[in-house]
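Working notes for the structure below.
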Amino acid sequence: MEYQIQRGTYDAYDEEALNLKKLEEIFSSIASTYGYNYIKTPTYEQTELFTRSVGESSDIVNKEMFTFLDKGGRNISLRPELTAGVMRAIVTNKLYARDLPLKNFYCGNVFRYERPQQGRYREFLQFGVECVGINNYFHDVETISLGYKSLKFVGFSHLILKINTLGDESSRENYKIALRDYFKDKISCMCPDCQRRFETNVLRILDCKVEEDQKIIKDAPKINSYLSQEAKDYFQNVLDLLDEQSIEYVIDDTLVRGLDYYSQVVFEYHYIASDGTNLGAIGAGGHYDNLLSDVGGPKLSSVGFAFGLERINALLKIIEGEKYEKPNIDLYIIHLGEETKQYSFLLMQELREAFFKVDMCLEEKSIKSQLKLAIRKNAKFALIIGSEEMQKNCFNLKNLNTQEQIEISYENLIDKLDEVIGLGDYEDEK
Ligand code: HAM
């Protein structure tokens, strides 16, 4: 029997797997420079955590959750995002009693039963951050900047940052009344989702992608006219501080986001590749005031975002083309003859302990075949060891890029490799 991969899932290997891992590492280290610490939460939680937090009116909870009863009869869902789980962890472990704000970053797989298409999976990876505990527009700007600068750093030079405000609670309630009033005699001609949204959360209608509905949505009242002075000032402060850092943005007054927990500032990062590829938002987030208290903690304001790593990876592949990094190793050891095999093997192990990425062929193969393997492994250097070299403890180090070859003694090998390759990342970090 041949097993099929599940719809909406994918296998990543070679360059793709390497680059996904690299993105996680880069985003994590940039987040650390902003004072964030790593947090890991479970892949599944009680279903109610998501219905309460992400919201019953959202498509995510309504249509897209992977929900099941476990063997103990508990109602469980695979996480459709990580923010709710992080809030639950903060409450469970009383982390809110620490100095605020709590700043955490995470990376993990997320599950949504969506219709698969380019850049849209049913299991995908999110990297995200949550800054919890302080109501201050500086934190919103710090978070938006972190996302913006991280995306610029990995190669998105023409990033589009869309931003909007949903106002405070009273602004939003007034706006919802106005929206209900506007849609009430149009809703019967709109899609079934919008009809449901009209009943559960009228704001969601603004998010509808159906073309016919969008024509109606275009003339709907705008949030701007319903914002309290406080909410207007808050938003203006955010925009001014972004301007101060020359972070460009586009105000998009239809941006409401697909999750129910937001208030005040919401934002999305977009990128359109030169060949026209547009995968939708590559990252998104916003400010939220009630999520922690909704899951049983104190009422503390927070802000966060999450990136979709597959979308980022796919776009970078288009942007970077040939530069897109292939898996590689530092050194391939080529051994000539049976008697050099064990010697080469032990040397390889020694070099690995010094954090060089080293490999060799453990079968008997000609020098030509071993060189081919070295090239296929994308090795930077080849170290050639014949019986004479073994006796003299002196080898030929060949740069596989330039084809230059130098002689090097065993004693000088690690220093020389360090000079031409540099020690592995791990050793650098120690
Ligand atoms: P979200 O907008 O639902 O926000 O997802 C964040 C990112 O995940 C999106 O911008 C997109 O890049 C990626 N994404 C979403 N759905 C898919 C999919 N089906 N396949 C591939 N990638 C996808 C959140 O999840 C919030 N928790 C973000 C946040 C954190 N807000 C505050 N803190």
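Within each chain, counting starts at residue 1; across the structure tokens, chains are named A, B, ... in the order shown, with ligands numbered 1 upward in that order.
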
Name the residues, by chain letter and number, that sit within 8 Å of ligand 1 using only C-alpha atoms and all ligand atoms, and give them as JSON, numbers by chain.
{"A": [80, 81, 82, 83, 84, 111, 112, 113, 114, 116, 119, 120, 121, 122, 123, 124, 125, 126, 128, 129, 130, 257, 258, 259, 262, 268, 269, 280, 281, 282, 283, 284, 285, 286, 287, 288, 303, 304, 305, 306, 307, 308, 309, 310, 311, 312]}

Show me, as a ChimeraX atom specification, the residues that have an atom within 9 Å of Leu292 in chain A when counting only C-alpha atoms, minus same-chain residues fewer than 5 positions from it.
/A:53,84,87-88,90-91,132,297-302

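The residue that comes closest to Ser57 in chain A, out of A:Lys357, A:Arg98, A:Arg196, A:Lys152 and on the basis of only C-alpha atoms, is A:Arg196.
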
I need the residues in range 252-408 of chain A that are strand (DSSP E) according to DSSP; give them as a ChimeraX atom specification.
/A:265-272,278-288,302-308,329-335,358-360,379-385,394-399,405-408

Expected file contents, prior selection, N, CA and C atoms, as a compact mmCIF listing (two decimals), in the first residue's frame:
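Saved to result28.txt:
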```txt
# COMPACT_ATOMS: atom_id res chain seq x y z
N VAL A 265 -4.75 49.00 17.44
CA VAL A 265 -3.97 48.87 16.21
C VAL A 265 -3.92 47.43 15.68
N VAL A 266 -4.19 47.28 14.38
CA VAL A 266 -3.98 45.98 13.72
C VAL A 266 -3.11 46.21 12.49
N PHE A 267 -2.38 45.19 12.09
CA PHE A 267 -1.46 45.39 10.97
C PHE A 267 -1.19 44.07 10.24
N GLU A 268 -0.75 44.21 9.00
CA GLU A 268 -0.35 43.04 8.20
C GLU A 268 0.86 43.41 7.36
N TYR A 269 1.73 42.45 7.16
CA TYR A 269 2.89 42.64 6.26
C TYR A 269 2.60 41.91 4.96
N HIS A 270 2.77 42.59 3.84
CA HIS A 270 2.53 41.98 2.53
C HIS A 270 3.75 42.16 1.64
N TYR A 271 3.84 41.29 0.65
CA TYR A 271 4.92 41.44 -0.34
C TYR A 271 4.43 40.89 -1.67
N ILE A 272 4.64 41.66 -2.71
CA ILE A 272 4.28 41.17 -4.05
C ILE A 272 5.58 40.98 -4.81
N ASN A 278 1.61 36.83 -5.25
CA ASN A 278 1.13 37.48 -4.03
C ASN A 278 0.47 36.40 -3.19
N LEU A 279 1.08 36.09 -2.06
CA LEU A 279 0.57 34.98 -1.25
C LEU A 279 -0.33 35.48 -0.12
N GLY A 280 -0.75 36.73 -0.20
CA GLY A 280 -1.52 37.31 0.91
C GLY A 280 -0.55 37.78 1.97
N ALA A 281 -1.06 37.94 3.18
CA ALA A 281 -0.19 38.47 4.24
C ALA A 281 0.91 37.45 4.57
N ILE A 282 2.14 37.96 4.75
CA ILE A 282 3.21 37.06 5.18
C ILE A 282 3.37 37.11 6.70
N GLY A 283 2.68 38.07 7.29
CA GLY A 283 2.69 38.17 8.74
C GLY A 283 1.61 39.14 9.14
N ALA A 284 1.14 39.02 10.37
CA ALA A 284 0.04 39.89 10.79
C ALA A 284 -0.08 39.88 12.30
N GLY A 285 -0.69 40.93 12.82
CA GLY A 285 -0.87 40.96 14.27
C GLY A 285 -1.65 42.17 14.70
N GLY A 286 -1.56 42.47 15.97
CA GLY A 286 -2.28 43.62 16.49
C GLY A 286 -2.25 43.67 18.00
N HIS A 287 -2.96 44.71 18.49
CA HIS A 287 -3.05 44.99 19.92
C HIS A 287 -4.31 44.28 20.43
N TYR A 288 -4.25 43.76 21.65
CA TYR A 288 -5.45 43.13 22.21
C TYR A 288 -5.49 43.40 23.71
N SER A 302 -1.96 43.84 25.52
CA SER A 302 -0.83 43.14 24.88
C SER A 302 -0.79 43.47 23.40
N VAL A 303 0.28 43.05 22.78
CA VAL A 303 0.41 43.22 21.33
C VAL A 303 1.32 42.11 20.80
N GLY A 304 1.06 41.68 19.59
CA GLY A 304 1.89 40.61 19.03
C GLY A 304 1.67 40.45 17.54
N PHE A 305 2.45 39.59 16.95
CA PHE A 305 2.24 39.26 15.53
C PHE A 305 2.71 37.83 15.30
N ALA A 306 2.33 37.28 14.15
CA ALA A 306 2.88 35.98 13.72
C ALA A 306 3.19 36.04 12.23
N PHE A 307 4.29 35.42 11.86
CA PHE A 307 4.67 35.28 10.45
C PHE A 307 4.25 33.89 9.97
N GLY A 308 3.95 33.78 8.69
CA GLY A 308 3.75 32.46 8.07
C GLY A 308 5.05 32.07 7.39
N ILE A 329 28.23 21.39 3.32
CA ILE A 329 29.12 20.98 4.40
C ILE A 329 30.44 21.71 4.22
N ASP A 330 31.24 21.73 5.29
CA ASP A 330 32.52 22.43 5.20
C ASP A 330 33.54 21.60 4.43
N LEU A 331 33.55 20.32 4.74
CA LEU A 331 34.67 19.51 4.29
C LEU A 331 34.21 18.10 3.94
N TYR A 332 34.72 17.60 2.82
CA TYR A 332 34.47 16.20 2.46
C TYR A 332 35.83 15.50 2.46
N ILE A 333 35.94 14.43 3.22
CA ILE A 333 37.23 13.73 3.27
C ILE A 333 37.26 12.65 2.18
N ILE A 334 38.28 12.72 1.35
CA ILE A 334 38.43 11.73 0.28
C ILE A 334 39.58 10.81 0.66
N HIS A 335 39.30 9.54 0.81
CA HIS A 335 40.35 8.62 1.26
C HIS A 335 40.70 7.65 0.13
N VAL A 358 31.43 17.87 8.53
CA VAL A 358 32.32 17.01 7.76
C VAL A 358 31.61 15.71 7.38
N ASP A 359 31.91 15.22 6.20
CA ASP A 359 31.36 13.92 5.79
C ASP A 359 32.39 13.19 4.93
N MET A 360 32.17 11.90 4.74
CA MET A 360 33.03 11.12 3.85
C MET A 360 32.25 9.90 3.39
N ALA A 379 30.11 20.59 -0.74
CA ALA A 379 31.21 20.78 0.21
C ALA A 379 32.07 21.96 -0.23
N LYS A 380 32.54 22.74 0.76
CA LYS A 380 33.41 23.88 0.41
C LYS A 380 34.83 23.38 0.11
N PHE A 381 35.28 22.39 0.88
CA PHE A 381 36.65 21.89 0.72
C PHE A 381 36.66 20.37 0.66
N ALA A 382 37.69 19.84 0.04
CA ALA A 382 37.93 18.39 0.10
C ALA A 382 39.30 18.19 0.73
N LEU A 383 39.39 17.20 1.61
CA LEU A 383 40.68 16.87 2.22
C LEU A 383 41.07 15.50 1.68
N ILE A 384 42.18 15.47 0.99
CA ILE A 384 42.53 14.22 0.30
C ILE A 384 43.59 13.46 1.09
N ILE A 385 43.28 12.22 1.42
CA ILE A 385 44.19 11.43 2.27
C ILE A 385 44.53 10.10 1.60
N CYS A 394 50.11 14.64 6.86
CA CYS A 394 50.09 15.89 6.09
C CYS A 394 49.19 15.66 4.87
N PHE A 395 48.22 16.57 4.65
CA PHE A 395 47.21 16.29 3.62
C PHE A 395 47.08 17.43 2.61
N ASN A 396 46.32 17.13 1.54
CA ASN A 396 46.00 18.17 0.55
C ASN A 396 44.59 18.69 0.80
N LEU A 397 44.50 19.99 1.00
CA LEU A 397 43.19 20.62 1.20
C LEU A 397 42.83 21.35 -0.08
N LYS A 398 41.71 20.92 -0.69
CA LYS A 398 41.36 21.49 -1.99
C LYS A 398 40.11 22.36 -1.85
N ASN A 399 40.21 23.60 -2.30
CA ASN A 399 39.04 24.49 -2.32
C ASN A 399 38.22 24.11 -3.55
N GLN A 405 44.76 24.24 -4.26
CA GLN A 405 45.08 23.13 -3.37
C GLN A 405 46.28 23.53 -2.51
N ILE A 406 46.18 23.29 -1.20
CA ILE A 406 47.35 23.58 -0.36
C ILE A 406 47.68 22.34 0.48
N GLU A 407 48.95 22.28 0.90
CA GLU A 407 49.35 21.16 1.75
C GLU A 407 49.22 21.62 3.20
N ILE A 408 48.76 20.72 4.04
CA ILE A 408 48.52 21.14 5.42
C ILE A 408 48.83 20.00 6.38
```

Which residues of range 82-115 of chain A come within 12 Å of range 10-23 of chain A, and for each one, what is the closest pair of atoms and their distance in Å to one decimal, counting only C-alpha atoms, sorted by chain and residue number, as a tab-separated table?
```
residue	atom	partner	partner_atom	distance
A:Cys107	CA	A:Lys21	CA	10.2
A:Gly108	CA	A:Lys21	CA	11.2
A:Asn109	CA	A:Leu20	CA	12.0
```

Quick check, in Å to one decimal: how far apart do CA of Met390 in chain A and CA of Leu336 in chain A lie?
10.0 Å

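Minimum atom-to-atom distance to Tyr44 in chain A, evaluated using only C-alpha atoms, belongs to A:Asn75 out of A:Asn62, A:Ser28, A:Asn75, A:Asn412.
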
DSSP-assigned helix (DSSP H, G or I) members of range 250-385 of chain A, reported as JSON, numbers by chain
{"A": [291, 292, 293, 294, 309, 310, 311, 312, 313, 314, 315, 316, 317, 318, 319, 320, 321, 322, 323, 338, 339, 340, 341, 342, 343, 344, 345, 346, 347, 348, 349, 350, 351, 352, 353, 367, 368, 369, 370, 371, 372, 373, 374, 375, 376]}

Restricting the output to C-alpha atoms, write the selected residues as a tab-separated table (two decimals), in the first residue's frame.
```tsv
chain	number	residue	atom	x	y	z
A	291	LEU	CA	-7.50	38.02	25.76
A	292	LEU	CA	-5.61	37.31	28.98
A	293	SER	CA	-8.67	38.05	31.13
A	294	ASP	CA	-10.85	35.97	28.76
A	309	LEU	CA	7.13	30.82	7.47
A	310	GLU	CA	6.15	28.88	4.32
A	311	ARG	CA	4.90	32.04	2.61
A	312	ILE	CA	8.06	33.91	3.57
A	313	ASN	CA	10.21	31.03	2.35
A	314	ALA	CA	8.38	30.74	-0.97
A	315	LEU	CA	8.71	34.46	-1.68
A	316	LEU	CA	12.38	34.57	-0.67
A	317	LYS	CA	13.01	31.76	-3.13
A	318	ILE	CA	11.65	33.99	-5.89
A	319	ILE	CA	13.55	37.06	-4.64
A	320	GLU	CA	16.85	35.34	-4.03
A	321	GLY	CA	16.83	32.82	-6.87
A	322	GLU	CA	20.35	31.45	-7.13
A	323	LYS	CA	21.37	32.94	-3.80
A	338	GLU	CA	41.27	0.58	2.40
A	339	GLU	CA	44.11	1.32	4.89
A	340	THR	CA	43.29	5.06	5.05
A	341	LYS	CA	39.59	4.54	5.74
A	342	GLN	CA	39.75	4.13	9.52
A	343	TYR	CA	42.31	6.92	9.84
A	344	SER	CA	40.02	9.23	7.81
A	345	PHE	CA	36.98	8.16	9.80
A	346	LEU	CA	38.67	9.02	13.13
A	347	LEU	CA	39.88	12.34	11.75
A	348	MET	CA	36.33	13.13	10.59
A	349	GLN	CA	34.98	12.45	14.08
A	350	GLU	CA	37.65	14.70	15.59
A	351	LEU	CA	36.78	17.55	13.22
A	352	ARG	CA	33.08	17.17	13.96
A	353	GLU	CA	33.89	17.62	17.64
A	367	ILE	CA	38.81	9.44	-6.12
A	368	LYS	CA	36.68	10.66	-9.05
A	369	SER	CA	33.47	9.25	-7.55
A	370	GLN	CA	34.32	10.67	-4.12
A	371	LEU	CA	34.94	14.10	-5.65
A	372	LYS	CA	31.55	13.90	-7.37
A	373	LEU	CA	29.95	13.09	-4.01
A	374	ALA	CA	31.76	16.04	-2.41
A	375	ILE	CA	30.34	18.36	-5.08
A	376	ARG	CA	26.85	16.91	-4.75
```

My list of candidates is A:Leu159, A:Ile144, A:Cys194, A:Ile414. Which is closest to Tyr34 in chain A when distances are computed with only C-alpha atoms?
A:Ile144

Just how far from CA of Thr67 in chain A is CA of Gln6 in chain A, in Å to one decimal?
16.5 Å

Tell me which protein, DNA and RNA residues are within 7 Å of Gly55 in chain A, counting only C-alpha atoms, leaving out same-chain ones fewer than 4 positions away, and put them as number ranges by chain.
A: 50-51, 61, 259-260

Produce a file of the selected residues containing N, CA and C atoms, as a PDB file, in the first residue's frame.
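The result, written out as part22.pdb:
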```
ATOM      1  N   PHE A  50      -9.836  28.094  22.407  1.00  0.00           N
ATOM      2  CA  PHE A  50      -9.834  28.789  21.109  1.00  0.00           C
ATOM      3  C   PHE A  50     -11.186  29.432  20.814  1.00  0.00           C
ATOM      4  N   THR A  51     -12.275  28.776  21.190  1.00  0.00           N
ATOM      5  CA  THR A  51     -13.578  29.392  20.911  1.00  0.00           C
ATOM      6  C   THR A  51     -13.716  30.694  21.702  1.00  0.00           C
ATOM      7  N   VAL A  61     -12.364  29.470  14.013  1.00  0.00           N
ATOM      8  CA  VAL A  61     -13.029  28.611  14.993  1.00  0.00           C
ATOM      9  C   VAL A  61     -14.233  27.922  14.363  1.00  0.00           C
ATOM     10  N   LEU A 259      -9.331  37.349  13.432  1.00  0.00           N
ATOM     11  CA  LEU A 259      -9.477  36.814  14.782  1.00  0.00           C
ATOM     12  C   LEU A 259     -10.184  37.888  15.615  1.00  0.00           C
ATOM     13  N   ASP A 260     -10.986  37.436  16.594  1.00  0.00           N
ATOM     14  CA  ASP A 260     -11.870  38.389  17.280  1.00  0.00           C
ATOM     15  C   ASP A 260     -11.211  39.209  18.377  1.00  0.00           C
TER      16      ASP A 260
END
```
